[in-house]
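Dropping data05.tsv in here (TSV, C-alpha atoms and all ligand atoms):
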chain	number	residue	atom	x	y	z
A	1	MET	CA	154.63	-80.56	-237.68
A	2	LYS	CA	151.33	-81.71	-239.18
A	3	ASN	CA	150.32	-80.50	-242.65
A	4	ASN	CA	147.78	-77.68	-243.08
A	5	THR	CA	144.78	-79.98	-243.60
A	6	GLU	CA	145.52	-81.97	-240.45
A	7	THR	CA	146.18	-78.81	-238.46
A	8	SER	CA	142.99	-77.21	-239.80
A	9	LYS	CA	141.02	-80.24	-238.59
A	10	PHE	CA	142.76	-79.99	-235.24
A	11	LEU	CA	141.84	-76.28	-235.02
A	12	SER	CA	138.20	-77.04	-235.92
A	13	TYR	CA	138.10	-79.69	-233.21
A	14	ILE	CA	139.59	-77.37	-230.59
A	15	LEU	CA	137.74	-74.18	-231.54
A	16	ARG	CA	134.33	-75.72	-232.29
A	17	HIS	CA	134.08	-78.70	-229.98
A	18	GLU	CA	136.74	-79.54	-227.38
A	19	PRO	CA	138.99	-76.68	-226.22
A	20	ASP	CA	139.06	-78.54	-222.89
A	21	SER	CA	140.99	-81.39	-224.47
A	22	ILE	CA	144.15	-79.22	-224.40
A	23	GLY	CA	143.11	-77.12	-221.39
A	24	LEU	CA	142.14	-74.09	-223.50
A	25	VAL	CA	139.40	-71.69	-222.38
A	26	LEU	CA	137.53	-69.73	-225.05
A	27	SER	CA	135.90	-66.36	-224.48
A	28	SER	CA	132.09	-66.35	-224.40
A	29	ASP	CA	132.11	-65.37	-228.08
A	30	GLY	CA	134.47	-68.14	-229.06
A	31	TRP	CA	137.87	-66.45	-229.27
A	32	ALA	CA	141.09	-68.18	-228.26
A	33	ASP	CA	144.31	-66.36	-227.47
A	34	ILE	CA	146.63	-67.52	-230.29
A	35	ASN	CA	149.79	-67.69	-228.17
A	36	GLU	CA	147.99	-69.68	-225.49
A	37	LEU	CA	146.50	-72.00	-228.11
A	38	MET	CA	149.94	-72.64	-229.64
A	39	GLN	CA	151.50	-73.27	-226.24
A	40	LEU	CA	148.78	-75.65	-225.08
A	41	ALA	CA	148.72	-77.48	-228.42
A	42	ASN	CA	152.49	-77.84	-228.26
A	43	THR	CA	152.34	-79.26	-224.74
A	44	SER	CA	149.75	-81.81	-225.83
A	45	GLY	CA	151.87	-82.95	-228.79
A	46	THR	CA	150.56	-80.88	-231.73
A	47	VAL	CA	153.19	-78.39	-232.82
A	48	ILE	CA	151.69	-75.37	-234.59
A	49	SER	CA	153.51	-72.24	-235.71
A	50	LEU	CA	152.07	-68.76	-236.04
A	51	GLU	CA	152.90	-68.83	-239.76
A	52	GLN	CA	150.92	-72.05	-240.17
A	53	ILE	CA	147.90	-70.57	-238.37
A	54	HIS	CA	147.97	-67.52	-240.64
A	55	SER	CA	148.38	-69.67	-243.73
A	56	ILE	CA	145.43	-71.89	-242.73
A	57	VAL	CA	143.14	-68.96	-241.95
A	58	LYS	CA	144.05	-67.21	-245.20
A	59	ASN	CA	143.82	-70.26	-247.48
A	60	ASP	CA	140.93	-72.18	-245.96
A	61	LYS	CA	138.45	-72.68	-248.82
A	62	LYS	CA	135.44	-72.48	-246.52
A	63	GLY	CA	136.77	-69.55	-244.48
A	64	ARG	CA	136.29	-71.56	-241.30
A	65	PHE	CA	138.35	-69.31	-239.03
A	66	SER	CA	138.83	-65.65	-238.36
A	67	ILE	CA	141.61	-63.72	-236.62
A	68	SER	CA	140.86	-60.61	-234.56
A	69	GLU	CA	141.94	-57.22	-235.94
A	70	ASP	CA	144.78	-56.97	-233.43
A	71	GLY	CA	146.04	-60.40	-234.48
A	72	GLN	CA	145.85	-61.77	-230.94
A	73	TYR	CA	142.83	-64.07	-231.15
A	74	ILE	CA	141.38	-66.76	-233.42
A	75	ARG	CA	137.91	-68.30	-233.57
A	76	ALA	CA	135.84	-70.65	-235.70
A	77	VAL	CA	133.13	-68.66	-237.51
A	78	GLN	CA	130.54	-71.48	-237.40
A	79	GLY	CA	130.08	-75.19	-236.73
A	80	HIS	CA	130.27	-75.11	-232.93
A	81	SER	CA	128.88	-77.84	-230.75
A	82	LEU	CA	130.01	-75.95	-227.60
A	83	LYS	CA	126.86	-74.69	-225.95
A	84	THR	CA	128.86	-72.11	-224.00
A	85	VAL	CA	129.93	-70.19	-227.12
A	86	ASP	CA	127.67	-67.45	-228.46
A	87	LEU	CA	128.98	-65.79	-231.63
A	88	ASN	CA	126.53	-62.89	-231.20
A	89	LEU	CA	125.31	-63.22	-234.77
A	90	LYS	CA	122.62	-60.76	-235.85
A	91	GLU	CA	119.35	-62.07	-237.15
A	92	THR	CA	119.16	-61.39	-240.88
A	93	THR	CA	116.92	-61.99	-243.89
A	94	PRO	CA	117.92	-65.09	-245.87
A	95	PRO	CA	117.40	-65.60	-249.61
A	96	ALA	CA	113.92	-66.97	-250.40
A	97	ASN	CA	115.27	-70.48	-250.71
A	98	LEU	CA	118.20	-72.26	-249.08
A	99	LEU	CA	119.74	-75.71	-249.47
A	100	HIS	CA	120.82	-78.41	-247.04
A	101	GLY	CA	123.01	-81.34	-248.04
A	102	THR	CA	122.34	-84.61	-246.27
A	103	ALA	CA	122.50	-88.36	-246.88
A	104	GLN	CA	119.78	-90.63	-248.23
A	105	ARG	CA	119.77	-92.71	-245.05
A	106	PHE	CA	118.63	-89.69	-242.97
A	107	ILE	CA	115.70	-88.75	-245.24
A	108	GLU	CA	112.98	-90.75	-243.51
A	109	SER	CA	113.87	-89.34	-240.12
A	110	ILE	CA	114.15	-85.79	-241.53
A	111	HIS	CA	110.76	-86.27	-243.17
A	112	ASN	CA	109.30	-87.12	-239.76
A	113	GLU	CA	111.09	-84.70	-237.42
A	114	GLY	CA	112.52	-82.02	-239.72
A	115	LEU	CA	116.13	-80.89	-239.61
A	116	LEU	CA	117.63	-80.83	-236.13
A	117	PRO	CA	121.03	-79.37	-235.20
A	118	GLN	CA	122.16	-82.70	-233.77
A	119	GLU	CA	125.49	-82.15	-232.00
A	120	ARG	CA	125.92	-78.60	-233.27
A	121	GLN	CA	124.26	-75.35	-232.20
A	122	TYR	CA	122.47	-74.80	-235.52
A	123	VAL	CA	121.24	-76.48	-238.67
A	124	HIS	CA	123.63	-75.46	-241.46
A	125	LEU	CA	122.23	-74.20	-244.75
A	126	THR	CA	123.89	-72.99	-247.93
A	127	GLU	CA	123.07	-71.12	-251.14
A	128	ASP	CA	125.46	-73.30	-253.11
A	129	TYR	CA	124.37	-76.61	-254.65
A	130	ASP	CA	127.88	-78.09	-254.94
A	131	THR	CA	128.58	-77.33	-251.28
A	132	ALA	CA	125.33	-79.06	-250.32
A	133	ILE	CA	126.28	-82.15	-252.36
A	134	LYS	CA	129.74	-82.30	-250.74
A	135	THR	CA	128.25	-81.90	-247.27
A	136	GLY	CA	125.82	-84.76	-247.91
A	137	MET	CA	128.56	-86.99	-249.28
A	138	ARG	CA	130.30	-87.02	-245.90
A	139	TYR	CA	127.51	-89.25	-244.59
A	140	GLY	CA	126.52	-91.38	-247.59
A	141	LYS	CA	124.60	-91.00	-250.85
A	142	PRO	CA	123.99	-87.24	-251.04
A	143	VAL	CA	120.53	-85.69	-251.18
A	144	VAL	CA	119.95	-81.95	-251.46
A	145	LEU	CA	116.96	-80.47	-249.66
A	146	ASN	CA	115.20	-77.20	-250.52
A	147	ILE	CA	114.31	-75.09	-247.53
A	148	ASP	CA	111.54	-72.51	-247.88
A	149	SER	CA	113.43	-69.91	-245.86
A	150	HIS	CA	111.14	-67.10	-246.98
A	151	LYS	CA	108.09	-68.80	-245.49
A	152	MET	CA	110.03	-69.82	-242.40
A	153	GLN	CA	111.06	-66.24	-241.72
A	154	GLU	CA	107.53	-65.00	-242.37
A	155	GLU	CA	106.35	-67.45	-239.76
A	156	GLY	CA	108.83	-66.31	-237.12
A	157	TYR	CA	111.92	-68.53	-237.55
A	158	LYS	CA	115.22	-66.71	-237.19
A	159	PHE	CA	118.17	-66.90	-239.56
A	160	TYR	CA	121.78	-65.94	-239.05
A	161	GLN	CA	124.68	-65.78	-241.48
A	162	ALA	CA	128.18	-66.69	-240.36
A	163	GLU	CA	131.17	-64.68	-241.56
A	164	ASN	CA	131.89	-67.36	-244.16
A	165	ASN	CA	128.33	-67.11	-245.59
A	166	VAL	CA	127.00	-70.34	-244.09
A	167	TRP	CA	123.34	-69.83	-243.09
A	168	LEU	CA	122.25	-70.96	-239.64
A	169	THR	CA	118.88	-71.61	-238.04
A	170	LEU	CA	117.85	-73.60	-234.98
A	171	THR	CA	115.56	-76.18	-236.63
A	172	VAL	CA	113.66	-76.67	-239.87
A	173	PRO	CA	110.24	-78.34	-239.43
A	174	PRO	CA	109.20	-80.84	-242.15
A	175	ALA	CA	106.61	-78.43	-243.64
A	176	TYR	CA	109.36	-76.22	-245.07
A	177	ILE	CA	111.42	-79.02	-246.63
A	178	THR	CA	111.21	-80.49	-250.14
A	179	ILE	CA	113.66	-82.68	-251.99
A	180	HIS	CA	115.65	-80.71	-254.56
A	181	LYS	CA	115.17	-82.21	-258.04
G	1	LIG	C1	121.43	-84.78	-240.32
G	1	LIG	C2	130.68	-78.92	-242.65
G	1	LIG	C3	118.32	-87.62	-239.12
G	1	LIG	C4	121.92	-83.64	-241.16
G	1	LIG	C5	129.59	-78.63	-243.67
G	1	LIG	C6	123.41	-83.96	-241.22
G	1	LIG	C7	128.59	-77.81	-242.92
G	1	LIG	C8	119.26	-85.55	-239.39
G	1	LIG	C9	123.67	-84.58	-239.87
G	1	LIG	C10	128.85	-78.13	-241.49
G	1	LIG	C11	118.13	-84.92	-238.85
G	1	LIG	C12	124.37	-83.65	-238.91
G	1	LIG	C13	127.70	-78.85	-240.90
G	1	LIG	C14	117.07	-85.76	-238.43
G	1	LIG	C15	119.53	-83.40	-239.36
G	1	LIG	N1	117.21	-87.08	-238.59
G	1	LIG	N2	119.36	-86.88	-239.53
G	1	LIG	N3	115.95	-85.26	-237.90
G	1	LIG	N4	118.32	-83.60	-238.82
G	1	LIG	N5	120.11	-84.55	-239.71
G	1	LIG	O1	127.94	-82.57	-239.51
G	1	LIG	O2	125.02	-79.87	-241.88
G	1	LIG	O3	133.78	-78.93	-243.32
G	1	LIG	O4	126.40	-81.81	-237.64
G	1	LIG	O5	121.32	-83.63	-242.45
G	1	LIG	O6	130.09	-77.99	-244.82
G	1	LIG	O7	126.24	-82.08	-242.25
G	1	LIG	O8	133.06	-79.20	-240.96
G	1	LIG	O9	125.92	-81.08	-239.94
G	1	LIG	O10	123.68	-84.89	-242.22
G	1	LIG	O11	128.68	-76.43	-243.09
G	1	LIG	O12	133.67	-76.97	-241.82
G	1	LIG	O13	122.41	-84.92	-239.33
G	1	LIG	O14	130.00	-78.96	-241.44
G	1	LIG	O15	131.64	-77.95	-242.61
G	1	LIG	O16	125.69	-83.52	-239.33
G	1	LIG	O17	127.48	-80.08	-241.57
G	1	LIG	P1	126.57	-82.26	-239.04
G	1	LIG	P2	126.10	-80.81	-241.50
G	1	LIG	P3	133.12	-78.27	-242.15

Target encoding structure tokens, full file:
Amino acid sequence: MKNNTETSKFLSYILRHEPDSIGLVLSSDGWADINELMQLANTSGTVISLEQIHSIVKNDKKGRFSISEDGQYIRAVQGHSLKTVDLNLKETTPPANLLHGTAQRFIESIHNEGLLPQERQYVHLTEDYDTAIKTGMRYGKPVVLNIDSHKMQEEGYKFYQAENNVWLTLTVPPAYITIHK
């Protein structure tokens, strides 16, 4: 059996991006039947136990996954690239300012086109500086951007908050972005 970090990455891959890769079908709001997921994972060579799933969901520092109240289903709470999944998040008012962690090498392009969701459904924003730094570090020298979410919302842009507090919006045009000093 893989360790929890490896299995968590596997679950992110399956539940956010490629359920097809093991023949899994998610509901329209992103839920997978846990027994079916375990069976299909097992068949494709990744052995996962129910205990491990519960341990990952409970201990994940970013709260990436959630289990349904009846214990039957699991889903990723954000980060999807799957266009077919709609989490049915309610539009909500963000704090006046949000942060986005990126890498220095993307700054010129972001300056020109704004923040785009790229492969994912949404641009991901956070209230937490350290999280933004860590997110940026995945792609190179980190840079934290300030997003004027108050002005964006005033001007009609919609914001959503995932269950794990990550803020989501479709795009952020350059006018609302400054570099965090
Ligand atoms: C960049 C992690 C050039 C954007 C994190 C980012 C997050 C542009 C990259 C979650 C651009 C996309 C998401 C433009 C955006 N030109 N580059 N116009 N617009 N970018 O991984 O926000 O650990 O899809 O700045 O904590 O980095 O996986 O998004 O660098 O919450 O659970 O394009 O993933 O969570 O990268 O990360 P990503 P992200 P997990």

Please find the residues contacting ligand LIG 1 (chain G) at a distance of at most 8 Å between atoms, with all atoms listed in the file counted, and report them as a PyMOL selection string.
chain A and resi 12+62+64+78-79+100-103+105-120+123-126+131-132+134-136+138-139+166

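Of the residues under consideration (A:Thr7, A:Pro19, A:Gly63, A:Tyr157), A:Thr7 shows the shortest atom-to-atom contact distance to A:Leu50 when counting all atoms listed in the file.
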
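Nearest residue to A:Ala175 among A:Asn35, A:Ser49, A:Gln104, A:Asn146 is A:Asn146, counting all atoms listed in the file.
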
Excluding same-chain residues fewer than 6 positions from A:Ala41, what lies within 8 Å of it counting all atoms listed in the file, as a PyMOL selection string?
chain A and resi 22+47-48

Contacts of A:Lys83 at 12 Å or less, counting all atoms listed in the file, minus same-chain residues fewer than 6 places along, as a ChimeraX atom specification?
/A:16-18,26,28-30,117,119-122

Selection from above, C-alpha atoms, as a PDB file, keeping the file's coordinate frame, can you write it?
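Writing the result to again_22.pdb gives the following:
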ATOM      1  CA  ARG A  16     134.330 -75.720-232.290  1.00  0.00           C
ATOM      2  CA  HIS A  17     134.080 -78.700-229.980  1.00  0.00           C
ATOM      3  CA  GLU A  18     136.740 -79.540-227.380  1.00  0.00           C
ATOM      4  CA  LEU A  26     137.530 -69.730-225.050  1.00  0.00           C
ATOM      5  CA  SER A  28     132.090 -66.350-224.400  1.00  0.00           C
ATOM      6  CA  ASP A  29     132.110 -65.370-228.080  1.00  0.00           C
ATOM      7  CA  GLY A  30     134.470 -68.140-229.060  1.00  0.00           C
ATOM      8  CA  PRO A 117     121.030 -79.370-235.200  1.00  0.00           C
ATOM      9  CA  GLU A 119     125.490 -82.150-232.000  1.00  0.00           C
ATOM     10  CA  ARG A 120     125.920 -78.600-233.270  1.00  0.00           C
ATOM     11  CA  GLN A 121     124.260 -75.350-232.200  1.00  0.00           C
ATOM     12  CA  TYR A 122     122.470 -74.800-235.520  1.00  0.00           C
TER      13      TYR A 122
END

So that I can see what lies close to A:Glu6, please list as a PDB file with C-alpha atoms, in the coordinates of the input the residues with an atom at most 12 Å from it, counting all atoms listed in the file and leaving out residues fewer than 2 positions away in the same chain.
ATOM      1  CA  MET A   1     154.630 -80.560-237.680  1.00  0.00           C
ATOM      2  CA  LYS A   2     151.330 -81.710-239.180  1.00  0.00           C
ATOM      3  CA  ASN A   3     150.320 -80.500-242.650  1.00  0.00           C
ATOM      4  CA  ASN A   4     147.780 -77.680-243.080  1.00  0.00           C
ATOM      5  CA  SER A   8     142.990 -77.210-239.800  1.00  0.00           C
ATOM      6  CA  LYS A   9     141.020 -80.240-238.590  1.00  0.00           C
ATOM      7  CA  PHE A  10     142.760 -79.990-235.240  1.00  0.00           C
ATOM      8  CA  LEU A  11     141.840 -76.280-235.020  1.00  0.00           C
ATOM      9  CA  SER A  12     138.200 -77.040-235.920  1.00  0.00           C
ATOM     10  CA  TYR A  13     138.100 -79.690-233.210  1.00  0.00           C
ATOM     11  CA  THR A  46     150.560 -80.880-231.730  1.00  0.00           C
ATOM     12  CA  VAL A  47     153.190 -78.390-232.820  1.00  0.00           C
ATOM     13  CA  ILE A  48     151.690 -75.370-234.590  1.00  0.00           C
ATOM     14  CA  GLN A  52     150.920 -72.050-240.170  1.00  0.00           C
ATOM     15  CA  ILE A  53     147.900 -70.570-238.370  1.00  0.00           C
ATOM     16  CA  ILE A  56     145.430 -71.890-242.730  1.00  0.00           C
TER      17      ILE A  56
END

Which residue out of A:Thr5, A:Gly45, A:Thr169, A:Pro95 has the minimum interatomic distance to A:Lys61 when only C-alpha atoms are used?
A:Thr5

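Using all atoms listed in the file, the residues found no farther than 8 Å from A:Ala32, other than those of its own chain fewer than 5 positions away, are Leu15, Leu24, Val25, Leu26, Ser27, Leu37, Tyr73, Ile74 and Arg75 of chain A.
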
Can you measure atom CA of A:Asp70 to atom CA of A:Asn88 for me? One decimal in Å is fine.
19.3 Å

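For the pair atom CA of A:Lys181 and atom CA of A:Trp167, the interatomic distance is 21.1 Å.
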
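Here the question is which of A:Pro173, A:Asn59, A:Pro142, A:Val85 gets nearest to A:Glu155 using all atoms listed in the file, and that residue is A:Pro173.
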
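What separates atom CA of A:Leu40 from atom CA of A:Ser66 is a distance of 19.4 Å.
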
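Restricting the calculation to all atoms listed in the file, the smallest distance between A:Trp31 and any of A:Ile147, A:Val57, A:Leu99, A:Phe65 is found for A:Phe65.
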
Find the residues around A:Lys151 up to 12 Å (all atoms listed in the file counted), leave out those fewer than 6 positions away in its own chain, and share them as a PDB file with C-alpha atoms, keeping the file's coordinate frame.
ATOM      1  CA  THR A  93     116.920 -61.990-243.890  1.00  0.00           C
ATOM      2  CA  PRO A  94     117.920 -65.090-245.870  1.00  0.00           C
ATOM      3  CA  PRO A  95     117.400 -65.600-249.610  1.00  0.00           C
ATOM      4  CA  ALA A  96     113.920 -66.970-250.400  1.00  0.00           C
ATOM      5  CA  ASN A  97     115.270 -70.480-250.710  1.00  0.00           C
ATOM      6  CA  LEU A  98     118.200 -72.260-249.080  1.00  0.00           C
ATOM      7  CA  TYR A 157     111.920 -68.530-237.550  1.00  0.00           C
ATOM      8  CA  LYS A 158     115.220 -66.710-237.190  1.00  0.00           C
ATOM      9  CA  PHE A 159     118.170 -66.900-239.560  1.00  0.00           C
ATOM     10  CA  VAL A 172     113.660 -76.670-239.870  1.00  0.00           C
ATOM     11  CA  PRO A 173     110.240 -78.340-239.430  1.00  0.00           C
ATOM     12  CA  ALA A 175     106.610 -78.430-243.640  1.00  0.00           C
ATOM     13  CA  TYR A 176     109.360 -76.220-245.070  1.00  0.00           C
ATOM     14  CA  ILE A 177     111.420 -79.020-246.630  1.00  0.00           C
TER      15      ILE A 177
END
